[in-house]
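Asker: Quick one: the structure is below, questions incoming.
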Amino acid sequence: MITVVPDTNALFGHEWMTSVAGRNLVDLVKSGKCRVVLPRVVVDELDRQDRKTLKSKRDKAKVVLSEVGDDISATAIDEAFDRLGAKTDASRDRLLAMSGVSVTSVPEDRTRALVDRDLAARRPFMETLGGKKSYGFRDAVIWEIVLDVMDEDATVDPVFFVSADKGFIDDDDPKELHRHLLEDLDARGIARDRLVLAEKVANVVEDVRAAVAEAEARAAEALAASTPTDDEAHRLASLLRGYAFDATRRAELVRVATEALDELVGQPMDEQLTYGGDYGLPDWVQFELPEIGGDLSIYGYDLDSDFEFDAPAGDTVTGRADVVLSIEAGDLFGESDEVRARLTVDIDIEDPDAFEVTYIVLEDSPSPRRPADPTSVQLDFELESDLGEPRDAV
């Protein structure tokens, strides 16, 4: 069976697979298309981040709401955040109890081997300060679990490793594993092409769908080849081959679209000098900016819907998705806010091996989130768990 092993950063912001992309992956698990193996260190780290984020928001709420007066007590705030914590714990427990989702750890006798790997400066261990400091122990534990999963599964089914962590990735090609990790696969006799690197949950969802469609097409083609006179088998094989082609192309469209959005992270969004000597916002900024200060930029985002792609118009495909942008001000106060927007991209598909985004814009969302009632004392403003950088939540 197809296996998905996510790194910690890949699950930040997905709130135990309750995000749009997370629910899509859960649906694939429920339908038996794949399984998910969660390293114990990933579960523990997500738990820690949950509690850290909840405590930070609880403390901020007490400071801000204390200015309202005696109408809202500290007890009411604590009770509201306790309910939010219980909701998060329930989401975690439901995920871990699901058939097709398992949690695994590295055997305790593997510690010496990990220390030796660290001393040899082999990835995912990395060094800073001229080699005086090393980091990456948790990444090394995760990698050992990936290797164990592939060793235990004698099939040729692919294993998708979901991570954008620099410790795992090649220095020159961010789409490939580092050579140290490829050497590990070689040493265990594991075919390199069995392990597929995916950057985000949204990407691995499309990759799994494409892999499933490809397997179904190959099975139908094998059956058709064994029954040359069976017209129905040949028609089915042709139909499923078309589905597999579409699924593979969609996976690539989603990949290049999210990569183009990644490139906007950190880009300035304030007015700047434009062609002709006038001042204006960057062309890709077509949404209302929050009034939180100056030097605005996107520091993360989360997909709020699946991508929808139009039929090709010549060599161009247009895609759209709703996104939640996390925006911060770079001035002295450094405030931040979230904004819902509609992403639109044009993708040139003339070269099937090198899709390219030729146009990207973020516009006001056609269905903005309804603001909370500021007069309520039930704290019914949104208190969403923030697990790390929102950019990882795609």
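Numbering starts fresh at 1 for the residues of each chain in the structure tokens, the chains themselves are lettered A, B, ... in the order given, and ligands are numbered from 1 as they appear.
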Need the shell around range 249-255 of chain A: protein/DNA/RNA residues with any atom at most 7 Å away, counting only C-alpha atoms. Skip same-chain ones fewer than 4 positions apart. Format as a PDB file with all heavy atoms, in the first residue's frame?
Answerer:
ATOM      1  N   ASN A 203       0.452  18.935  -1.695  1.00  0.00           N
ATOM      2  CA  ASN A 203       1.164  18.283  -2.793  1.00  0.00           C
ATOM      3  C   ASN A 203       1.080  16.766  -2.694  1.00  0.00           C
ATOM      4  O   ASN A 203       0.872  16.077  -3.701  1.00  0.00           O
ATOM      5  CB  ASN A 203       2.632  18.711  -2.799  1.00  0.00           C
ATOM      6  CG  ASN A 203       2.824  20.191  -3.055  1.00  0.00           C
ATOM      7  OD1 ASN A 203       3.579  20.860  -2.353  1.00  0.00           O
ATOM      8  ND2 ASN A 203       2.127  20.724  -4.034  1.00  0.00           N
ATOM      9  N   GLU A 206      -2.201  15.282  -3.967  1.00  0.00           N
ATOM     10  CA  GLU A 206      -2.262  15.149  -5.430  1.00  0.00           C
ATOM     11  C   GLU A 206      -1.347  14.030  -5.912  1.00  0.00           C
ATOM     12  O   GLU A 206      -1.686  13.293  -6.844  1.00  0.00           O
ATOM     13  CB  GLU A 206      -1.878  16.473  -6.088  1.00  0.00           C
ATOM     14  CG  GLU A 206      -2.749  17.651  -5.703  1.00  0.00           C
ATOM     15  CD  GLU A 206      -4.206  17.490  -6.110  1.00  0.00           C
ATOM     16  OE1 GLU A 206      -4.493  16.655  -6.999  1.00  0.00           O
ATOM     17  OE2 GLU A 206      -5.060  18.203  -5.556  1.00  0.00           O
ATOM     18  N   ASP A 207      -0.176  13.880  -5.279  1.00  0.00           N
ATOM     19  CA  ASP A 207       0.757  12.824  -5.682  1.00  0.00           C
ATOM     20  C   ASP A 207       0.170  11.439  -5.429  1.00  0.00           C
ATOM     21  O   ASP A 207       0.337  10.528  -6.246  1.00  0.00           O
ATOM     22  CB  ASP A 207       2.074  12.973  -4.913  1.00  0.00           C
ATOM     23  CG  ASP A 207       2.883  14.180  -5.366  1.00  0.00           C
ATOM     24  OD1 ASP A 207       2.627  14.685  -6.472  1.00  0.00           O
ATOM     25  OD2 ASP A 207       3.770  14.616  -4.606  1.00  0.00           O
ATOM     26  N   PHE A 245      -3.353  10.318 -16.647  1.00  0.00           N
ATOM     27  CA  PHE A 245      -2.693  11.482 -17.246  1.00  0.00           C
ATOM     28  C   PHE A 245      -3.188  12.774 -16.604  1.00  0.00           C
ATOM     29  O   PHE A 245      -2.407  13.658 -16.239  1.00  0.00           O
ATOM     30  CB  PHE A 245      -2.955  11.513 -18.752  1.00  0.00           C
ATOM     31  CG  PHE A 245      -2.426  12.745 -19.432  1.00  0.00           C
ATOM     32  CD1 PHE A 245      -1.097  12.833 -19.809  1.00  0.00           C
ATOM     33  CD2 PHE A 245      -3.268  13.823 -19.686  1.00  0.00           C
ATOM     34  CE1 PHE A 245      -0.608  13.988 -20.422  1.00  0.00           C
ATOM     35  CE2 PHE A 245      -2.793  14.976 -20.298  1.00  0.00           C
ATOM     36  CZ  PHE A 245      -1.454  15.056 -20.669  1.00  0.00           C
ATOM     37  N   GLU A 259       4.350  26.753  -5.488  1.00  0.00           N
ATOM     38  CA  GLU A 259       5.712  27.297  -5.517  1.00  0.00           C
ATOM     39  C   GLU A 259       5.698  28.778  -5.879  1.00  0.00           C
ATOM     40  O   GLU A 259       6.466  29.575  -5.323  1.00  0.00           O
ATOM     41  CB  GLU A 259       6.572  26.526  -6.521  1.00  0.00           C
ATOM     42  CG  GLU A 259       6.981  25.147  -6.042  1.00  0.00           C
ATOM     43  CD  GLU A 259       7.852  24.416  -7.046  1.00  0.00           C
ATOM     44  OE1 GLU A 259       8.009  24.926  -8.181  1.00  0.00           O
ATOM     45  OE2 GLU A 259       8.374  23.333  -6.713  1.00  0.00           O
TER      46      GLU A 259
END
Asker: Can you list every residue in range 128-318 of chain A that DSSP puts in strand (DSSP E), as a ChimeraX atom specification?
Answerer: /A:128,133-135,159-162,195-198,272-273,279-280,285-286,296-303,308-309,316-318
Asker: What are the DSSP alpha helix (DSSP H) residues of range 92-246 of chain A, as a ChimeraX atom specification?
Answerer: /A:92-96,111-119,137-152,179-187,201-226,231-246
Asker: Considering only C-alpha atoms, return as a count of residues only whatever protein or nucleic-acid residues lie within 12 Å of Arg192 in chain A, sequence-local ones (same chain, fewer than 6 positions apart) excluded.
Answerer: 16
Asker: Figure out the distance between CA of Arg138 in chain A and CA of Gln49 in chain A, please, to one decimal in Å.
Answerer: 14.7 Å
Asker: Please measure the separation of CA of Val41 in chain A and CA of Ala113 in chain A, giving the value in Å to one decimal.
Answerer: 17.5 Å
Asker: Show me, as CSV, the residues of range 307-346 of chain A having an atom within 9 Å of range 354-359 of chain A, each with the closest atom pair and its distance in Å, using only C-alpha atoms.
Answerer:
residue,atom,partner,partner_atom,distance
A:Thr316,CA,A:Thr358,CA,8.9
A:Thr344,CA,A:Tyr359,CA,8.0
A:Val345,CA,A:Tyr359,CA,5.4
A:Asp346,CA,A:Tyr359,CA,5.0
Asker: For the selection you just gave me, I'd like the residues written to a file as a PDB file, in the first residue's frame, keeping N, CA and C atoms.
Answerer:
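result.pdb written:
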ATOM      1  N   THR A 316      -2.215  27.606 -22.058  1.00  0.00           N
ATOM      2  CA  THR A 316      -2.344  28.224 -20.739  1.00  0.00           C
ATOM      3  C   THR A 316      -3.495  27.605 -19.960  1.00  0.00           C
ATOM      4  N   THR A 344      -5.193  33.556  -8.016  1.00  0.00           N
ATOM      5  CA  THR A 344      -5.379  33.187  -9.421  1.00  0.00           C
ATOM      6  C   THR A 344      -4.011  33.103 -10.084  1.00  0.00           C
ATOM      7  N   VAL A 345      -3.770  32.017 -10.802  1.00  0.00           N
ATOM      8  CA  VAL A 345      -2.507  31.846 -11.518  1.00  0.00           C
ATOM      9  C   VAL A 345      -2.783  31.406 -12.953  1.00  0.00           C
ATOM     10  N   ASP A 346      -1.943  31.871 -13.860  1.00  0.00           N
ATOM     11  CA  ASP A 346      -1.905  31.363 -15.227  1.00  0.00           C
ATOM     12  C   ASP A 346      -0.639  30.534 -15.377  1.00  0.00           C
TER      13      ASP A 346
END
